[in-house]
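> The structure that follows is given in the form of C-alpha cells.
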Protein chains: 4
Amino acid sequence: MKQRSALDMYSDGAAWWETAISDIKKNEIIIRGYPIEELIGNVSYTQMLYLLLCGEVLSEKKAKLWESVLVAGADHGPRAPSIAAARMAVTCGISFNSCVATGINVLGDVHGGAVEKAMHLFYSTGSLLDAHPEKGLSSIVAEQFERFKNRGEKLPGFGHQLHDDDPRVRRLYELAQSLIDEGEIEGKYLKIAEEYRLHLEQSKKKKITMNIDGVAAAIQCELSIPAEAAKGIFALSRGMGIVAHVFEELQNGALIKGPCPNRDDLVRYSGPAKRHFKK
Amino acid sequence: MKQRSALDMYSDGAAWWETAISDIKKNEIIIRGYPIEELIGNVSYTQMLYLLLCGEVLSEKKAKLWESVLVAGADHGPRAPSIAAARMAVTCGISFNSCVATGINVLGDVHGGAVEKAMHLFYSTGSLLDAHPEKGLSSIVAEQFERFKNRGEKLPGFGHQLHDDDPRVRRLYELAQSLIDEGEIEGKYLKIAEEYRLHLEQSKKKKITMNIDGVAAAIQCELSIPAEAAKGIFALSRGMGIVAHVFEELQNGALIKGPCPNRDDLVRYSGPAKRHFKK
Amino acid sequence: MKQRSALDMYSDGAAWWETAISDIKKNEIIIRGYPIEELIGNVSYTQMLYLLLCGEVLSEKKAKLWESVLVAGADHGPRAPSIAAARMAVTCGISFNSCVATGINVLGDVHGGAVEKAMHLFYSTGSLLDAHPEKGLSSIVAEQFERFKNRGEKLPGFGHQLHDDDPRVRRLYELAQSLIDEGEIEGKYLKIAEEYRLHLEQSKKKKITMNIDGVAAAIQCELSIPAEAAKGIFALSRGMGIVAHVFEELQNGALIKGPCPNRDDLVRYSGPAKRHFKK
Amino acid sequence: MKQRSALDMYSDGAAWWETAISDIKKNEIIIRGYPIEELIGNVSYTQMLYLLLCGEVLSEKKAKLWESVLVAGADHGPRAPSIAAARMAVTCGISFNSCVATGINVLGDVHGGAVEKAMHLFYSTGSLLDAHPEKGLSSIVAEQFERFKNRGEKLPGFGHQLHDDDPRVRRLYELAQSLIDEGEIEGKYLKIAEEYRLHLEQSKKKKITMNIDGVAAAIQCELSIPAEAAKGIFALSRGMGIVAHVFEELQNGALIKGPCPNRDDLVRYSGPAKRHFKK
C-alpha cells in the first residue's frame with residue numbers, strides 16, 4: 001500500500017474523511033449499500049463484521065465457521081497479559097470501556113499477533129502455488145520453510161507454551177473439515193498449514209501440533225479475510241473474555257491490584273546498593 | 001459492591017488471582033465448567049459472551065435478539081469520535097489492536113454510555129414495581145421522571161442529535177415484540193421504557209422517540225444482562241465498525257491524518273496576541 | 001461547567017476546533033502568545049506545563065516546588081498496577097508509546113486519583129474560609145470532616161497501604177515550608193491540609209500522616225493549579241517511571257509476561273465443576 | 001536483545017518481577033540506589049527521568065539541554081492527531097488520565113516516531129566512524145545515504161509538512177552549540193546529522209532543513225540516551241500539550257465532538273449505492 005501525507009491527499013481532491021463502509025444521514029444508516037434495518041435480525045455478528053470489513057455478506061455456513069474461531073479465542077484466563085491488565089485497570093477506577101481498551105491495547109504482535117503472520121505466510125504460499133503449480137505444494141513449502149530457518153525466525157502458528165494438544169485446535173479442524181466436505185470452502189490453506197506442520201515435525205524430529213493461531217489463520221484465509229485485520233478480529237474474540245473478567249473484577253471490589261503479592265521470590269530489586277546523593 | 005484493598009483481601013486468604021470464568025490447564029480449557037471444545041461450533045458469539053459474563057448459556061432465540069442489538073450498534077460512520085480516533089491512530093503508525101483500543105477507549109459515559117444509565121433506570125423502576133405493585137407502572141414512572149427533572153438531569157435513552165425516527169430502533173422493537181409474542185421474554189422492561197417515552201412526550205409536548213441506547217437497554221434488561229457491563233458490550237458492538245474503519249484507513253495509506261483541513265472556519269486560535277518572553 | 005453538544009456549539013458560531021493554547025503557522029509556533037523559540041532553553045518543564053495549562057509562566061521558585069512534586073511521584077516499583085501493566089504490554093509486542101499509554105490509562109480515580117479529590121476538598125475548604133472568616137479554620141474543617149464521615153467516605157490524602165511515614169511527604173513539606181518562609185507561597189492550603197490531618201488523628205485516636213497524594217494536592221493548590229487536571233499531571237510524573245520500566249522490560253526481552261507464575265496459591269478457579277454442553 | 005518466554009526465564013531462576021530501577025519498602029523508596037528524599041528538590045524533571053532510565057544523574061547543563069528538547073515538542077496544536085484524539089476523548093466522558101493515554105497511544109512510528117529512527121541512524125553512523133576513522137565522516141554518510149535511497153526509504157529527521165525553517169530547530173541548535181563550546185557535549189552526533197542534511201540537500205538540489213525530530217535525535221545521542229526509549233520520551237514532552245488541551249476541552253464542555261462538521265466537502269461516502277438485503 002502506498003503511503004502519503006493526509007494533507008497531500010486532500011490537496012489532490014480527496015475528501016478529508018471518505019469511507020465506503022457506511023453512509024449516515026438523518027433517519028438513514030446505510031452499511032455497504034444495505035439499509036441497516038434490513039441487516040438487524042437477519043445477519044449474525046460475524047456476517048455483520050465481514051460485511052463491514054470486506055463489503056459483502058458471508059454465507060451462513062462460512063459465517064458459522066468464522067464464529068467458531070472467535071468463540072475459540074474468547075478467553076485464556078487471568079494469567080494472559082491482556083486479561084490481567086484489564087482486571088488491574090478495574091481496580092484503579094477507570095471506565096469499563098477503558099478497562100477493555102487496556103486489555104485490547106496489549107494484544108499486539110506477540111500476544112495473538114501470530115495469526116496475522118501465519119495468514120501472510122499461508123496467503124503468500126498459496127500465491128506461489130498458483131504461480132508455479134508445477135513445483136507442487138511440498139517443495140514450495142520446503143523452500144519457504146528453509147527461508148524462515150535461515151533467517152532464524154520462528155514459523156508462526158506452531159507450538160504453545162502450555163498446550164501440546166490444544167482441544168480448540170482439534171475442534172476447529174473438525175468443523176473446517178465438514179465445510180470442505182460440503183464444498184463450502186476449498187481447503188487450500190488448511191492443506192498449506194498442514195504441510196508446514198509436517199515439515200516442522202520432520203525438522204524437529206518430534207510431534208508438532210498446530211496452535212490456535214495457526215488454525216485460526218488457515219480458516220480465515222479460506223474465508224478471504226485480509227491478514228492485516230487479524231489483530232483487530234482477535235480483539236473482538238478475546239474482547240469477550242476481557243469484558244467478562246472486567247465485570248468479575250468489578251464485582252470483586254478489589255482496589256489497586258498489583259500483579260502479585262510482595263514476596264522476595266516474586267519481586268526482586270537488582271539495582272545499585274543504597275548510596276547518597278550530593279547535589 | 002464493597003471495595004477493599006487487594007492486599008487486605010490477600011491477607012484474608014483470597015488467592016491473588018481468582019476467577020469463576022475459566023480454568024486453564026495443559027490441553028484443557030474449561031469455560032464456566034464446560035470444556036471449550038464442546039462450545040466451539042455449538043454456541044454463537046452472543047451465547048459465548050453471555051456464558052462468560054453471566055455463567056449460563058442463553059437460549060438461541062434470546063441470543064439472536066441480543067445479537068441484533070450488537071449488529072445495530074456496529075457503526076455510525078467516521079464522524080463518530082470513536083471511529084475518527086481509531087482512524088487517526090492508524091495514520092500515526094501504531095499496531096492494529098492499539099488502533100482498535102484507541103477507539104474503544106473513548107466509548108465512555110457520553111459516547112454509548114447512556115445504555116448503562118438507562119439499564120440502571122429500567123432495572124430500578126422494575127424493582128420499585130415489584131415492591132409496590134399496587135402503585136402501578138404509570139405512577140412509579142411519573143415519580144422517577146420528576147426526580148430526573150428536579151435534578152436537571154437528562155433522561156437516558158431518549159433523543160438523538162441526528163435521528164428522530166431511527167430505523168434501528170423500529171427494527172429492534174419489532175424483533176423484541178416477536179419474542180414477547182412467543183413468550184421467550186416477558187416484555188416488562190420494554191413496557192417500562194415505553195412508559196418513560198410517554199411521560200417525556202407529554203412533558204415536552206412533542207413526538208419523542210426512543211434512541212438506540214434506550215431500546216438496547218430495555219432489551220438487555222429483558223435478558224438479565226448486568227447494567228455495569230453495558231459499556232463493555234457496546235465496545236464489542238461498535239468494535240466491529242472500528243475494526244472495519246481501521247482496515248479501510250490502513251488500505252488508504254494516509255499519514256498523520258488530523259481531524260480536518262487547516263481552514264480558518266474550522267480551526268481558530270483564541271489565546272493572547274503575540275508577546276515576548278523575558279527570563 | 002455547562003455541557004453542550006459539539007454540533008450545537010458549531011451551529012451557534014464556534015469554530016469546530018478552537019484553542020487559546022497555541023497557534024501554529026508556517027515557521028511560527030506561538031504558545032499562549034509567546035514565540036516558542038523564546039521559551040525553549042528559558043523555561044523549565046514545569047514552567048512550560050504551567051504556561052500551557054494555566055496561560056502564564058510560573059516563577060522559578062514555584063516551578064521548582066512543583067517539579068519536586070513531579071519527581072516525588074515518579075516511581076513506586078513494578079507492583080504498582082500502572083507499572084506492571086506497562087511492562088506486561090512490552091512483552092506483548094506493542095509500540096513503546098502504546099506501552100506508556102497502557103500504564104497511564106490505569107492511573108484513574110483509585111491509583112493516583114486521590115490528588116484531584118484532595119484538591120477539590122482543599123479548594124472548597126479555602127472558599128468556605130474566605131466566605132466565613134469568622135468561623136475559623138478549625139470549625140470549618142470540623143464541619144467538612146463530619147460530612148465525609150456521615151457519607152461513609154474516606155478523606156482523600158491520608159493513609160497509605162504501605163507507608164506510615166513516607167519519606168517523600170516529609171521532604172515535600174520541608175521544601176514547601178521554605179517557600180512559605182520566603183513569602184513565595186501563602187501556605188493557606190498546607191494549613192488546611194494539616195488541619196484535616198489533626199481532625200483525622202483525633203477521630204482515629206492514633207498517629208495519622210498525610211500521604212503523597214495529600215501533600216501533592218496541598219502544594220498544587222498553593223500554585224493555583226486546577227484540580228481537574230491533577231490526574232493528567234500525575235500521568236506526567238509517574239510517566240517517568242513508566243518510561244524507565246518499559247525500557248528495562250524491553251531490554252529484558254521477556255515474551256508474554258503474565259502477572260505471576262501459575263501456582264495454586266496465586267491463581268485459583270472458583271467456577272462450576274466440569275460439566276458437559278448439549279446443544 | 002534476545003527474546004525469551006517469561007515462563008522460561010522464571011523456570012531458569014529469574015524472579016517474576018525484577019528491576020534495577022527502584023526498591024520499595026515500608027517508609028523507604030530507593031531509586032537507582034538513592035533514597036528518594038535526597039532526590040526530591042535536588043534533581044530536575046529531566047535529571048530524574050535520566051536517572052530512572054539510564055541509572056545515573058545527568059549534569060545540570062546537559063539536563064537543561066534535554067529539557068529544552070522536551071519543551072520544544074510540547075505542543076503542535078489541535079490538528080495534530082494526538083491532541084485531537086485526546087480532546088475528542090474528553091467529549092466522550094472518560095477519565096482525564098484515559099484522555100491523556102488516548103493521545104499518547106497514537107504517538108507511534110509516524111507521529112513523533114522519527115526521532116527513534118534518526119537516533120538509530122546517528123548512533124550506527126557514529127559506530128561506523130569509530131570503526132573506520134580512515135574513511136571519514138562524509139564518505140560514511142554518503143554510503144548510508146545511498147542505502148536509504150536504494151531501499152526507497154525516507155531519511156528520518158528531515159523535512160516537515162508545514163515548516164521549512166522551524167524556529168524550534170534553530171533555537172535547539174544554538175543551545176546545543178553553546179554546550180559544545182563549553183565542552184559539555186562532544187558534538188559528534190550533531191556533526192553527523194549536519195552531514196546527512198548536506199547530502200540530502202545536494203541530492204535534492206534545494207535547501208533542506210533538519211526537522212524537530214532530527215535535531216532532538218542528535219541532541220539525545222549526545223546525551224547517550226537509548227534510541228529505543230525515544231517514543232516514550234516524546235510521550236512525556238507532547239504529554240504536556242495533551243494535558244493542557246484535555247483541560248481546555250473539559251472547560252469548554254462540548255459533548256461528542258467528532259473530527260469535523262458534516263459537510264459534503266469534508267465527509268464523503270464512496271461505497272455501493274443503496275441495495276436491499278434478502279436473507
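Labels for the C-alpha cells follow display order: chains A, B, ..., residues from 1 in each chain, ligands from 1.
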Can you list every residue of chain B that has an atom at most 6 Å from chain A, with its nearest atom pair and the distance in Å to one decimal, using only C-alpha atoms, ordered by chain then number, as JSON lines?

{"residue": "B:Lys2", "atom": "CA", "partner": "A:Gly253", "partner_atom": "CA", "distance": 5.8}
{"residue": "B:Gln3", "atom": "CA", "partner": "A:Gly253", "partner_atom": "CA", "distance": 4.3}
{"residue": "B:Arg4", "atom": "CA", "partner": "A:Ala254", "partner_atom": "CA", "distance": 5.1}
{"residue": "B:Ser5", "atom": "CA", "partner": "A:Leu255", "partner_atom": "CA", "distance": 4.5}
{"residue": "B:Ala6", "atom": "CA", "partner": "A:Ala254", "partner_atom": "CA", "distance": 4.8}
{"residue": "B:Ser22", "atom": "CA", "partner": "A:Gly77", "partner_atom": "CA", "distance": 5.7}
{"residue": "B:Lys26", "atom": "CA", "partner": "A:His163", "partner_atom": "CA", "distance": 5.1}
{"residue": "B:Asn27", "atom": "CA", "partner": "A:His163", "partner_atom": "CA", "distance": 4.9}
{"residue": "B:Glu37", "atom": "CA", "partner": "A:Arg168", "partner_atom": "CA", "distance": 5.6}
{"residue": "B:Ile40", "atom": "CA", "partner": "A:Ser68", "partner_atom": "CA", "distance": 5.2}
{"residue": "B:Gly41", "atom": "CA", "partner": "A:Ser68", "partner_atom": "CA", "distance": 5.0}
{"residue": "B:Leu49", "atom": "CA", "partner": "A:Met240", "partner_atom": "CA", "distance": 5.5}
{"residue": "B:Leu52", "atom": "CA", "partner": "A:Ala244", "partner_atom": "CA", "distance": 5.6}
{"residue": "B:Leu53", "atom": "CA", "partner": "A:Ala244", "partner_atom": "CA", "distance": 4.4}
{"residue": "B:Ser68", "atom": "CA", "partner": "A:Gly41", "partner_atom": "CA", "distance": 5.0}
{"residue": "B:Ala72", "atom": "CA", "partner": "A:Ile40", "partner_atom": "CA", "distance": 5.9}
{"residue": "B:Gly77", "atom": "CA", "partner": "A:Ser22", "partner_atom": "CA", "distance": 5.7}
{"residue": "B:Asn97", "atom": "CA", "partner": "A:Gly232", "partner_atom": "CA", "distance": 5.2}
{"residue": "B:Ser98", "atom": "CA", "partner": "A:Asn105", "partner_atom": "CA", "distance": 4.6}
{"residue": "B:Ala101", "atom": "CA", "partner": "A:Ala101", "partner_atom": "CA", "distance": 4.5}
{"residue": "B:Ile104", "atom": "CA", "partner": "A:Ala101", "partner_atom": "CA", "distance": 5.6}
{"residue": "B:Asn105", "atom": "CA", "partner": "A:Ser98", "partner_atom": "CA", "distance": 4.6}
{"residue": "B:Leu162", "atom": "CA", "partner": "A:Lys26", "partner_atom": "CA", "distance": 5.6}
{"residue": "B:His163", "atom": "CA", "partner": "A:Asn27", "partner_atom": "CA", "distance": 4.9}
{"residue": "B:Asp165", "atom": "CA", "partner": "A:Asn27", "partner_atom": "CA", "distance": 5.6}
{"residue": "B:Asp166", "atom": "CA", "partner": "A:Asn27", "partner_atom": "CA", "distance": 4.9}
{"residue": "B:Pro167", "atom": "CA", "partner": "A:Glu37", "partner_atom": "CA", "distance": 5.8}
{"residue": "B:Arg168", "atom": "CA", "partner": "A:Glu37", "partner_atom": "CA", "distance": 5.6}
{"residue": "B:Arg171", "atom": "CA", "partner": "A:Glu37", "partner_atom": "CA", "distance": 5.8}
{"residue": "B:Lys231", "atom": "CA", "partner": "A:Asn97", "partner_atom": "CA", "distance": 5.5}
{"residue": "B:Gly232", "atom": "CA", "partner": "A:Asn97", "partner_atom": "CA", "distance": 5.2}
{"residue": "B:Met240", "atom": "CA", "partner": "A:Leu49", "partner_atom": "CA", "distance": 5.5}
{"residue": "B:Val243", "atom": "CA", "partner": "A:Gly232", "partner_atom": "CA", "distance": 5.5}
{"residue": "B:Ala244", "atom": "CA", "partner": "A:Leu53", "partner_atom": "CA", "distance": 4.5}
{"residue": "B:Gly253", "atom": "CA", "partner": "A:Gln3", "partner_atom": "CA", "distance": 4.2}
{"residue": "B:Ala254", "atom": "CA", "partner": "A:Ala6", "partner_atom": "CA", "distance": 4.8}
{"residue": "B:Leu255", "atom": "CA", "partner": "A:Ser5", "partner_atom": "CA", "distance": 4.5}
{"residue": "B:Lys257", "atom": "CA", "partner": "A:Ala6", "partner_atom": "CA", "distance": 5.1}
> Could you give me the residues within segment 39-226 of chain C that DSSP places in helix (DSSP H, G or I), as a ChimeraX atom specification?
/C:39,45-54,60-72,81-90,96-105,114-131,133-135,137-150,167-181,188-204,212-222
> If you measure from atom CA of Cys221 of chain C to atom CA of Glu134 of chain C, what distance in Å do you get, rounded to one decimal?
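One can read the atom CA of Cys221 of chain C to atom CA of Glu134 of chain C distance as 22.4 Å.
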